$ cat final21.pdb   # PDB, C-alpha atoms and all ligand atoms
ATOM      1  CA  MET A   1      10.164 -37.565  -7.462  1.00  0.00           C
ATOM      2  CA  THR A   2       6.698 -36.296  -8.343  1.00  0.00           C
ATOM      3  CA  ILE A   3       4.194 -35.639  -5.574  1.00  0.00           C
ATOM      4  CA  HIS A   4       0.679 -36.459  -6.761  1.00  0.00           C
ATOM      5  CA  LEU A   5      -1.993 -33.891  -5.838  1.00  0.00           C
ATOM      6  CA  PRO A   6      -5.366 -35.412  -6.806  1.00  0.00           C
ATOM      7  CA  ASP A   7      -7.465 -32.279  -6.256  1.00  0.00           C
ATOM      8  CA  SER A   8      -7.252 -28.653  -5.139  1.00  0.00           C
ATOM      9  CA  LYS A   9      -7.734 -29.661  -1.485  1.00  0.00           C
ATOM     10  CA  ALA A  10      -4.545 -31.709  -1.772  1.00  0.00           C
ATOM     11  CA  THR A  11      -2.675 -28.728  -3.256  1.00  0.00           C
ATOM     12  CA  GLU A  12      -3.885 -26.567  -0.386  1.00  0.00           C
ATOM     13  CA  ALA A  13      -2.963 -29.193   2.215  1.00  0.00           C
ATOM     14  CA  PHE A  14       0.506 -29.506   0.727  1.00  0.00           C
ATOM     15  CA  GLY A  15       0.936 -25.722   1.034  1.00  0.00           C
ATOM     16  CA  ALA A  16      -0.301 -25.797   4.619  1.00  0.00           C
ATOM     17  CA  ALA A  17       2.264 -28.467   5.475  1.00  0.00           C
ATOM     18  CA  PHE A  18       5.057 -25.903   4.996  1.00  0.00           C
ATOM     19  CA  ALA A  19       3.577 -23.394   7.424  1.00  0.00           C
ATOM     20  CA  SER A  20       4.890 -24.646  10.743  1.00  0.00           C
ATOM     21  CA  ALA A  21       8.538 -24.703   9.608  1.00  0.00           C
ATOM     22  CA  LEU A  22       8.439 -21.474   7.584  1.00  0.00           C
ATOM     23  CA  GLN A  23      10.783 -18.719   8.797  1.00  0.00           C
ATOM     24  CA  PRO A  24      11.283 -15.068   7.838  1.00  0.00           C
ATOM     25  CA  GLY A  25      13.810 -14.941   4.990  1.00  0.00           C
ATOM     26  CA  ASP A  26      12.557 -18.162   3.376  1.00  0.00           C
ATOM     27  CA  VAL A  27      11.697 -17.977  -0.318  1.00  0.00           C
ATOM     28  CA  ILE A  28       9.397 -20.429  -2.096  1.00  0.00           C
ATOM     29  CA  ALA A  29       9.275 -20.027  -5.894  1.00  0.00           C
ATOM     30  CA  LEU A  30       6.164 -21.512  -7.532  1.00  0.00           C
ATOM     31  CA  PHE A  31       6.685 -22.480 -11.164  1.00  0.00           C
ATOM     32  CA  GLY A  32       3.887 -23.747 -13.407  1.00  0.00           C
ATOM     33  CA  ALA A  33       1.654 -22.672 -16.271  1.00  0.00           C
ATOM     34  CA  LEU A  34      -1.462 -20.512 -15.978  1.00  0.00           C
ATOM     35  CA  GLY A  35      -3.943 -22.283 -13.721  1.00  0.00           C
ATOM     36  CA  ALA A  36      -1.474 -24.917 -12.504  1.00  0.00           C
ATOM     37  CA  GLY A  37      -2.387 -24.337  -8.848  1.00  0.00           C
ATOM     38  CA  LYS A  38       0.196 -21.829  -7.562  1.00  0.00           C
ATOM     39  CA  THR A  39      -2.319 -19.563  -5.801  1.00  0.00           C
ATOM     40  CA  THR A  40      -4.030 -22.656  -4.372  1.00  0.00           C
ATOM     41  CA  PHE A  41      -0.704 -23.691  -2.790  1.00  0.00           C
ATOM     42  CA  ALA A  42      -0.189 -20.157  -1.426  1.00  0.00           C
ATOM     43  CA  ARG A  43      -3.727 -20.173   0.020  1.00  0.00           C
ATOM     44  CA  GLY A  44      -2.931 -23.367   1.917  1.00  0.00           C
ATOM     45  CA  LEU A  45       0.320 -21.916   3.205  1.00  0.00           C
ATOM     46  CA  LEU A  46      -1.505 -18.793   4.408  1.00  0.00           C
ATOM     47  CA  ARG A  47      -4.196 -20.862   6.118  1.00  0.00           C
ATOM     48  CA  GLY A  48      -1.445 -22.827   7.838  1.00  0.00           C
ATOM     49  CA  LEU A  49       0.073 -19.563   9.064  1.00  0.00           C
ATOM     50  CA  GLY A  50      -3.275 -18.620  10.607  1.00  0.00           C
ATOM     51  CA  HIS A  51      -4.847 -16.402   7.939  1.00  0.00           C
ATOM     52  CA  ASP A  52      -8.640 -16.741   8.014  1.00  0.00           C
ATOM     53  CA  GLY A  53      -9.881 -14.474   5.241  1.00  0.00           C
ATOM     54  CA  ASP A  54      -9.787 -14.619   1.458  1.00  0.00           C
ATOM     55  CA  VAL A  55      -6.542 -15.126  -0.402  1.00  0.00           C
ATOM     56  CA  ALA A  56      -6.760 -12.932  -3.468  1.00  0.00           C
ATOM     57  CA  SER A  57      -4.582 -13.599  -6.463  1.00  0.00           C
ATOM     58  CA  PRO A  58      -2.048 -10.779  -6.089  1.00  0.00           C
ATOM     59  CA  THR A  59      -1.777 -10.001  -9.792  1.00  0.00           C
ATOM     60  CA  PHE A  60      -2.835  -6.463  -8.984  1.00  0.00           C
ATOM     61  CA  PRO A  61      -1.351  -5.281  -6.763  1.00  0.00           C
ATOM     62  CA  ILE A  62       1.638  -7.514  -7.394  1.00  0.00           C
ATOM     63  CA  VAL A  63       2.278  -8.055  -3.681  1.00  0.00           C
ATOM     64  CA  GLN A  64      -0.163  -8.999  -0.950  1.00  0.00           C
ATOM     65  CA  ALA A  65       1.574  -8.632   2.395  1.00  0.00           C
ATOM     66  CA  TYR A  66       0.353 -10.559   5.438  1.00  0.00           C
ATOM     67  CA  ALA A  67       1.614 -10.006   8.970  1.00  0.00           C
ATOM     68  CA  PRO A  68       0.980 -10.953  12.602  1.00  0.00           C
ATOM     69  CA  PRO A  69      -1.427 -11.190  14.281  1.00  0.00           C
ATOM     70  CA  ASP A  70      -3.196 -12.403  11.128  1.00  0.00           C
ATOM     71  CA  THR A  71      -0.331 -14.794  10.316  1.00  0.00           C
ATOM     72  CA  ARG A  72       2.346 -16.340  12.570  1.00  0.00           C
ATOM     73  CA  ILE A  73       5.171 -14.627  10.645  1.00  0.00           C
ATOM     74  CA  PRO A  74       5.163 -11.898   7.970  1.00  0.00           C
ATOM     75  CA  LEU A  75       4.604 -13.337   4.481  1.00  0.00           C
ATOM     76  CA  TRP A  76       4.642 -11.626   1.106  1.00  0.00           C
ATOM     77  CA  HIS A  77       2.533 -13.360  -1.543  1.00  0.00           C
ATOM     78  CA  VAL A  78       3.951 -12.118  -4.843  1.00  0.00           C
ATOM     79  CA  ASP A  79       2.685 -12.663  -8.413  1.00  0.00           C
ATOM     80  CA  LEU A  80       5.102 -11.380 -11.056  1.00  0.00           C
ATOM     81  CA  TYR A  81       2.978 -12.301 -14.081  1.00  0.00           C
ATOM     82  CA  ARG A  82       2.403  -8.680 -15.058  1.00  0.00           C
ATOM     83  CA  ILE A  83       5.928  -7.413 -14.414  1.00  0.00           C
ATOM     84  CA  GLU A  84       7.169  -5.536 -17.461  1.00  0.00           C
ATOM     85  CA  ASP A  85      10.712  -4.474 -16.663  1.00  0.00           C
ATOM     86  CA  ALA A  86      13.560  -4.603 -14.180  1.00  0.00           C
ATOM     87  CA  ALA A  87      12.765  -1.131 -12.815  1.00  0.00           C
ATOM     88  CA  GLU A  88       9.365  -2.367 -11.675  1.00  0.00           C
ATOM     89  CA  LEU A  89      11.015  -5.277  -9.899  1.00  0.00           C
ATOM     90  CA  GLU A  90      13.437  -2.906  -8.136  1.00  0.00           C
ATOM     91  CA  GLU A  91      10.488  -0.904  -6.847  1.00  0.00           C
ATOM     92  CA  ILE A  92       8.892  -3.922  -5.232  1.00  0.00           C
ATOM     93  CA  GLY A  93      12.030  -4.482  -3.158  1.00  0.00           C
ATOM     94  CA  LEU A  94      11.923  -8.254  -2.691  1.00  0.00           C
ATOM     95  CA  ASP A  95      15.505  -8.309  -1.404  1.00  0.00           C
ATOM     96  CA  GLU A  96      14.658  -5.890   1.408  1.00  0.00           C
ATOM     97  CA  ALA A  97      11.417  -7.720   2.161  1.00  0.00           C
ATOM     98  CA  ARG A  98      13.382 -10.909   2.794  1.00  0.00           C
ATOM     99  CA  GLY A  99      14.885  -9.149   5.811  1.00  0.00           C
ATOM    100  CA  ASP A 100      11.800  -9.841   7.892  1.00  0.00           C
ATOM    101  CA  ALA A 101       9.263 -11.703   5.763  1.00  0.00           C
ATOM    102  CA  ALA A 102       9.021 -15.044   4.010  1.00  0.00           C
ATOM    103  CA  LEU A 103       8.264 -14.804   0.285  1.00  0.00           C
ATOM    104  CA  VAL A 104       6.071 -17.036  -1.846  1.00  0.00           C
ATOM    105  CA  ILE A 105       6.463 -16.054  -5.500  1.00  0.00           C
ATOM    106  CA  GLU A 106       4.253 -16.950  -8.481  1.00  0.00           C
ATOM    107  CA  TRP A 107       5.843 -16.513 -11.940  1.00  0.00           C
ATOM    108  CA  PRO A 108       9.399 -16.425 -10.536  1.00  0.00           C
ATOM    109  CA  GLU A 109      10.733 -16.803 -14.096  1.00  0.00           C
ATOM    110  CA  ARG A 110      10.162 -13.031 -14.398  1.00  0.00           C
ATOM    111  CA  LEU A 111      13.094 -12.466 -12.000  1.00  0.00           C
ATOM    112  CA  PRO A 112      16.545 -12.027 -13.553  1.00  0.00           C
ATOM    113  CA  PHE A 113      17.937 -14.223 -10.758  1.00  0.00           C
ATOM    114  CA  LEU A 114      16.714 -16.349  -7.886  1.00  0.00           C
ATOM    115  CA  TRP A 115      18.464 -16.543  -4.538  1.00  0.00           C
ATOM    116  CA  PRO A 116      20.382 -19.847  -4.335  1.00  0.00           C
ATOM    117  CA  ASP A 117      18.594 -20.855  -1.125  1.00  0.00           C
ATOM    118  CA  THR A 118      15.165 -20.643  -2.824  1.00  0.00           C
ATOM    119  CA  LEU A 119      12.906 -23.686  -2.601  1.00  0.00           C
ATOM    120  CA  ARG A 120      11.717 -24.243  -6.186  1.00  0.00           C
ATOM    121  CA  LEU A 121       8.399 -26.034  -6.640  1.00  0.00           C
ATOM    122  CA  THR A 122       6.881 -26.814 -10.033  1.00  0.00           C
ATOM    123  CA  LEU A 123       3.209 -27.668 -10.531  1.00  0.00           C
ATOM    124  CA  ALA A 124       2.091 -29.423 -13.699  1.00  0.00           C
ATOM    125  CA  VAL A 125      -1.313 -30.547 -14.898  1.00  0.00           C
ATOM    126  CA  ALA A 126      -1.438 -34.340 -15.127  1.00  0.00           C
ATOM    127  CA  PRO A 127      -3.602 -36.302 -17.564  1.00  0.00           C
ATOM    128  CA  GLY A 128      -7.108 -36.318 -16.100  1.00  0.00           C
ATOM    129  CA  GLY A 129      -6.696 -32.916 -14.449  1.00  0.00           C
ATOM    130  CA  ALA A 130      -4.860 -33.703 -11.217  1.00  0.00           C
ATOM    131  CA  ARG A 131      -1.554 -31.978 -10.524  1.00  0.00           C
ATOM    132  CA  GLY A 132       1.979 -33.278 -10.131  1.00  0.00           C
ATOM    133  CA  LEU A 133       4.505 -31.369  -8.052  1.00  0.00           C
ATOM    134  CA  THR A 134       8.271 -31.589  -8.325  1.00  0.00           C
ATOM    135  CA  ALA A 135      10.809 -29.805  -6.147  1.00  0.00           C
ATOM    136  CA  GLN A 136      14.372 -28.567  -6.254  1.00  0.00           C
ATOM    137  CA  VAL A 137      15.411 -28.509  -2.629  1.00  0.00           C
ATOM    138  CA  PRO A 138      18.492 -26.430  -1.713  1.00  0.00           C
ATOM    139  CA  PRO A 139      20.590 -27.372   1.348  1.00  0.00           C
ATOM    140  CA  ALA A 140      18.881 -24.616   3.380  1.00  0.00           C
ATOM    141  CA  TRP A 141      15.636 -26.604   3.114  1.00  0.00           C
ATOM    142  CA  GLY A 142      17.071 -30.112   3.449  1.00  0.00           C
ATOM    143  CA  ALA A 143      16.024 -30.675   7.058  1.00  0.00           C
ATOM    144  CA  ARG A 144      12.518 -29.459   6.261  1.00  0.00           C
ATOM    145  CA  TRP A 145      11.991 -31.742   3.290  1.00  0.00           C
ATOM    146  CA  PRO A 146       9.661 -33.504   2.832  1.00  0.00           C
ATOM    147  CA  PRO A 147       7.199 -31.253   4.685  1.00  0.00           C
ATOM    148  CA  ARG A 148       4.878 -32.773   7.270  1.00  0.00           C
TER     149      ARG A 148
HETATM  150  N1  LIG W   1      -4.353 -30.753  -7.479  1.00  0.00           N
HETATM  151  C1  LIG W   1      -5.323 -30.156  -8.193  1.00  0.00           C
HETATM  152  N2  LIG W   1      -6.158 -30.894  -8.974  1.00  0.00           N
HETATM  153  C2  LIG W   1      -7.134 -30.288  -9.707  1.00  0.00           C
HETATM  154  N3  LIG W   1      -7.359 -28.949  -9.723  1.00  0.00           N
HETATM  155  C3  LIG W   1      -6.555 -28.171  -8.974  1.00  0.00           C
HETATM  156  C4  LIG W   1      -5.503 -28.733  -8.170  1.00  0.00           C
HETATM  157  N4  LIG W   1      -4.869 -27.716  -7.538  1.00  0.00           N
HETATM  158  C5  LIG W   1      -5.498 -26.577  -7.910  1.00  0.00           C
HETATM  159  N5  LIG W   1      -6.509 -26.831  -8.763  1.00  0.00           N
HETATM  160  C6  LIG W   1      -7.417 -25.862  -9.423  1.00  0.00           C
HETATM  161  O1  LIG W   1      -6.757 -25.218 -10.493  1.00  0.00           O
HETATM  162  C7  LIG W   1      -7.361 -23.945 -10.736  1.00  0.00           C
HETATM  163  C8  LIG W   1      -6.292 -22.889 -10.875  1.00  0.00           C
HETATM  164  O2  LIG W   1      -5.621 -22.771  -9.643  1.00  0.00           O
HETATM  165  P1  LIG W   1      -4.758 -21.494  -9.232  1.00  0.00           P
HETATM  166  O3  LIG W   1      -5.523 -20.252  -9.386  1.00  0.00           O
HETATM  167  O4  LIG W   1      -4.178 -21.826  -7.914  1.00  0.00           O
HETATM  168  O5  LIG W   1      -3.631 -21.526 -10.371  1.00  0.00           O
HETATM  169  P2  LIG W   1      -2.385 -20.544 -10.573  1.00  0.00           P
HETATM  170  O6  LIG W   1      -1.242 -21.410 -10.918  1.00  0.00           O
HETATM  171  O7  LIG W   1      -2.240 -19.645  -9.417  1.00  0.00           O
HETATM  172  O8  LIG W   1      -2.840 -19.718 -11.855  1.00  0.00           O
HETATM  173  P3  LIG W   1      -2.225 -18.315 -12.390  1.00  0.00           P
HETATM  174  O9  LIG W   1      -1.051 -18.679 -13.253  1.00  0.00           O
HETATM  175  O10 LIG W   1      -3.355 -17.756 -13.212  1.00  0.00           O
HETATM  176  O11 LIG W   1      -1.873 -17.475 -11.221  1.00  0.00           O
HETATM  177  C9  LIG W   1      -8.301 -23.707  -9.553  1.00  0.00           C
HETATM  178  O12 LIG W   1      -9.615 -23.934  -9.990  1.00  0.00           O
HETATM  179  C10 LIG W   1      -7.865 -24.737  -8.523  1.00  0.00           C
HETATM  180  O13 LIG W   1      -8.929 -25.120  -7.687  1.00  0.00           O
HETATM  181 MG    MG W   2      -2.118 -17.573  -9.306  1.00  0.00          MG
END
$ encode --input "final21.pdb" --output "structure tokens" --more "lines below"
Ligand SMILES: Nc1ncnc2c1ncn2[C@@H]1O[C@H](COP(=O)(O)OP(=O)(O)OP(=O)(O)O)[C@@H](O)[C@H]1O
Ligand SMILES: [Mg+2]
Amino acid sequence: MTIHLPDSKATEAFGAAFASALQPGDVIALFGALGAGKTTFARGLLRGLGHDGDVASPTFPIVQAYAPPDTRIPLWHVDLYRIEDAAELEEIGLDEARGDAALVIEWPERLPFLWPDTLRLTLAVAPGGARGLTAQVPPAWGARWPPR
């Protein structure tokens, strides 16, 4: 099933719809080409968690960490586009971060593995410039899918 996102507001709103059910330990992997709308989704999610300020693209540094009271729960917004090797990934410590934060990860294909309970979302540019979103929903997310 493809979810149609006619404009960037719709991408943001779809991200925001995940916020109320998001728990520490959750991982959302955002697949999609350059400019597909991954950061736009993350911005919506952060707004839904209560964040008021800008949402920078975390290409440098690779992680932007958000925490209460700014957001309802701790969230790491991660962009792995510029990751060069496995040692760099080790240093970031995503596994440890999952202990008390939710993770939303752009360019997850840079990881050598993904946790099996990861929610995998793929954004694609549709003819005319809108976006289509598809999802691979693991059992851990079943009760929370589709988001409202
Ligand atoms: N549903 C949509 N329809 C049309 N434009 C959209 C939609 N969603 C997002 N956009 C626009 O696409 C552009 C790129 O978005 P964004 O920066 O979120 O992409 P990205 O996937 O994070 O890119 P990168 O790979 O560089 O990190 C922005 O101008 C954004 O407003
Ligand atoms: Mg981005």
$ axis_aligned_box --input "final21.pdb" --around "range 140-145 of chain A" --padding-each-side "4 Å" --output "AutoDock Vina command-line options"
--center_x 15.4 --center_y -28.2 --center_z 5.1 --size_x 14.9 --size_y 15.1 --size_z 11.9
$ resolve_selection --input "final21.pdb" --expression "the PyMOL selection byres (((chain A and resi 45-51) around 6) and not hetatm)" --output "list in words"
Gly15, Ala16, Ala19, Ala42, Arg43, Gly44, Asp52, Asp70, Thr71 and Arg72 of chain A
$ resolve_selection --input "final21.pdb" --expression "the PyMOL selection byres (((not hetatm)) within 10 of (chain W and resi 1))" --output "NGL selection string"
:A and (4-14 or 30-43 or 56-59 or 79-81 or 106-107 or 122-126 or 128-133)
$ write_last_selection --input "final21.pdb" --atoms "C-alpha atoms" --output "PDB file, in the coordinates of the input"
ATOM      1  CA  HIS A   4       0.679 -36.459  -6.761  1.00  0.00           C
ATOM      2  CA  LEU A   5      -1.993 -33.891  -5.838  1.00  0.00           C
ATOM      3  CA  PRO A   6      -5.366 -35.412  -6.806  1.00  0.00           C
ATOM      4  CA  ASP A   7      -7.465 -32.279  -6.256  1.00  0.00           C
ATOM      5  CA  SER A   8      -7.252 -28.653  -5.139  1.00  0.00           C
ATOM      6  CA  LYS A   9      -7.734 -29.661  -1.485  1.00  0.00           C
ATOM      7  CA  ALA A  10      -4.545 -31.709  -1.772  1.00  0.00           C
ATOM      8  CA  THR A  11      -2.675 -28.728  -3.256  1.00  0.00           C
ATOM      9  CA  GLU A  12      -3.885 -26.567  -0.386  1.00  0.00           C
ATOM     10  CA  ALA A  13      -2.963 -29.193   2.215  1.00  0.00           C
ATOM     11  CA  PHE A  14       0.506 -29.506   0.727  1.00  0.00           C
ATOM     12  CA  LEU A  30       6.164 -21.512  -7.532  1.00  0.00           C
ATOM     13  CA  PHE A  31       6.685 -22.480 -11.164  1.00  0.00           C
ATOM     14  CA  GLY A  32       3.887 -23.747 -13.407  1.00  0.00           C
ATOM     15  CA  ALA A  33       1.654 -22.672 -16.271  1.00  0.00           C
ATOM     16  CA  LEU A  34      -1.462 -20.512 -15.978  1.00  0.00           C
ATOM     17  CA  GLY A  35      -3.943 -22.283 -13.721  1.00  0.00           C
ATOM     18  CA  ALA A  36      -1.474 -24.917 -12.504  1.00  0.00           C
ATOM     19  CA  GLY A  37      -2.387 -24.337  -8.848  1.00  0.00           C
ATOM     20  CA  LYS A  38       0.196 -21.829  -7.562  1.00  0.00           C
ATOM     21  CA  THR A  39      -2.319 -19.563  -5.801  1.00  0.00           C
ATOM     22  CA  THR A  40      -4.030 -22.656  -4.372  1.00  0.00           C
ATOM     23  CA  PHE A  41      -0.704 -23.691  -2.790  1.00  0.00           C
ATOM     24  CA  ALA A  42      -0.189 -20.157  -1.426  1.00  0.00           C
ATOM     25  CA  ARG A  43      -3.727 -20.173   0.020  1.00  0.00           C
ATOM     26  CA  ALA A  56      -6.760 -12.932  -3.468  1.00  0.00           C
ATOM     27  CA  SER A  57      -4.582 -13.599  -6.463  1.00  0.00           C
ATOM     28  CA  PRO A  58      -2.048 -10.779  -6.089  1.00  0.00           C
ATOM     29  CA  THR A  59      -1.777 -10.001  -9.792  1.00  0.00           C
ATOM     30  CA  ASP A  79       2.685 -12.663  -8.413  1.00  0.00           C
ATOM     31  CA  LEU A  80       5.102 -11.380 -11.056  1.00  0.00           C
ATOM     32  CA  TYR A  81       2.978 -12.301 -14.081  1.00  0.00           C
ATOM     33  CA  GLU A 106       4.253 -16.950  -8.481  1.00  0.00           C
ATOM     34  CA  TRP A 107       5.843 -16.513 -11.940  1.00  0.00           C
ATOM     35  CA  THR A 122       6.881 -26.814 -10.033  1.00  0.00           C
ATOM     36  CA  LEU A 123       3.209 -27.668 -10.531  1.00  0.00           C
ATOM     37  CA  ALA A 124       2.091 -29.423 -13.699  1.00  0.00           C
ATOM     38  CA  VAL A 125      -1.313 -30.547 -14.898  1.00  0.00           C
ATOM     39  CA  ALA A 126      -1.438 -34.340 -15.127  1.00  0.00           C
ATOM     40  CA  GLY A 128      -7.108 -36.318 -16.100  1.00  0.00           C
ATOM     41  CA  GLY A 129      -6.696 -32.916 -14.449  1.00  0.00           C
ATOM     42  CA  ALA A 130      -4.860 -33.703 -11.217  1.00  0.00           C
ATOM     43  CA  ARG A 131      -1.554 -31.978 -10.524  1.00  0.00           C
ATOM     44  CA  GLY A 132       1.979 -33.278 -10.131  1.00  0.00           C
ATOM     45  CA  LEU A 133       4.505 -31.369  -8.052  1.00  0.00           C
TER      46      LEU A 133
END
$ closest_residue --input "final21.pdb" --among "A:Val104, A:Met1, A:Leu89, A:Val27" --to "ligand MG 2 (chain W)" --atoms "only C-alpha atoms and all ligand atoms"
A:Val104
$ atom_distance --input "final21.pdb" --atom1 "CA of Asp26 in chain A" --atom2 "CA of Ala102 in chain A"
4.8 Å
$ closest_residue --input "final21.pdb" --among "A:Ala143, A:Leu119, A:Ala65, A:Ile105" --to "ligand MG 2 (chain W)" --atoms "all atoms listed in the file"
A:Ile105
$ resolve_selection --input "final21.pdb" --expression "the PyMOL selection byres (((chain A and resi 23) around 8) and not hetatm)" --output "list in words"
Ala21, Leu22, Pro24, Gly25, Asp26, Ile73, Ala101 and Ala102 of chain A
$ atom_distance --input "final21.pdb" --atom1 "CA of Ile62 in chain A" --atom2 "CA of Glu109 in chain A"
14.6 Å
$ atom_distance --input "final21.pdb" --atom1 "atom MG of ligand MG 2 (chain W)" --atom2 "CA of Pro69 in chain A"
24.4 Å
$ residues_around --input "final21.pdb" --residues "Asp117 in chain A" --least-positions-apart "3" --cutoff "12 Å" --atoms "all atoms listed in the file" --output "ChimeraX atom specification"
/A:25-29,98,113-114,120,136-142
$ closest_residue --input "final21.pdb" --among "A:Ala67, A:Val78, A:Leu121, A:Leu94" --to "ligand MG 2 (chain W)" --atoms "all atoms listed in the file"
A:Val78
$ decode --input "final21.pdb" --residues "range 95-108 of chain A" --atoms "N, CA, C and O atoms" --output "compact mmCIF listing (two decimals), in the first residue's frame"
# COMPACT_ATOMS: atom_id res chain seq x y z
N ASP A 95 23.13 1.65 19.42
CA ASP A 95 22.60 0.56 20.25
C ASP A 95 22.36 1.03 21.69
O ASP A 95 21.29 0.78 22.26
N GLU A 96 23.36 1.73 22.24
CA GLU A 96 23.24 2.24 23.60
C GLU A 96 22.13 3.29 23.67
O GLU A 96 21.35 3.32 24.62
N ALA A 97 22.06 4.13 22.65
CA ALA A 97 21.08 5.22 22.66
C ALA A 97 19.66 4.67 22.74
O ALA A 97 18.78 5.27 23.35
N ARG A 98 19.46 3.52 22.10
CA ARG A 98 18.13 2.89 22.12
C ARG A 98 17.67 2.55 23.52
O ARG A 98 16.49 2.30 23.74
N GLY A 99 18.60 2.50 24.47
CA GLY A 99 18.24 2.20 25.85
C GLY A 99 17.25 3.20 26.41
O GLY A 99 16.36 2.82 27.19
N ASP A 100 17.37 4.47 26.05
CA ASP A 100 16.41 5.43 26.61
C ASP A 100 15.85 6.44 25.62
O ASP A 100 15.07 7.31 26.00
N ALA A 101 16.23 6.30 24.35
CA ALA A 101 15.71 7.25 23.35
C ALA A 101 15.06 6.48 22.20
O ALA A 101 15.41 5.33 21.92
N ALA A 102 14.14 7.14 21.52
CA ALA A 102 13.68 6.65 20.22
C ALA A 102 14.66 7.15 19.18
O ALA A 102 15.33 8.18 19.37
N LEU A 103 14.77 6.43 18.06
CA LEU A 103 15.70 6.82 16.99
C LEU A 103 14.92 7.00 15.70
O LEU A 103 14.10 6.16 15.35
N VAL A 104 15.19 8.10 15.00
CA VAL A 104 14.69 8.25 13.63
C VAL A 104 15.93 8.45 12.76
O VAL A 104 16.74 9.33 13.01
N ILE A 105 16.11 7.55 11.77
CA ILE A 105 17.39 7.43 11.07
C ILE A 105 17.23 7.66 9.58
O ILE A 105 16.53 6.91 8.89
N GLU A 106 17.88 8.74 9.07
CA GLU A 106 17.96 8.95 7.62
C GLU A 106 19.19 8.21 7.09
O GLU A 106 20.19 8.10 7.76
N TRP A 107 19.10 7.72 5.87
CA TRP A 107 20.16 6.92 5.24
C TRP A 107 20.51 5.68 6.05
O TRP A 107 21.69 5.38 6.30
N PRO A 108 19.50 4.91 6.47
CA PRO A 108 19.76 3.70 7.26
C PRO A 108 20.51 2.63 6.47
O PRO A 108 21.05 1.71 7.06
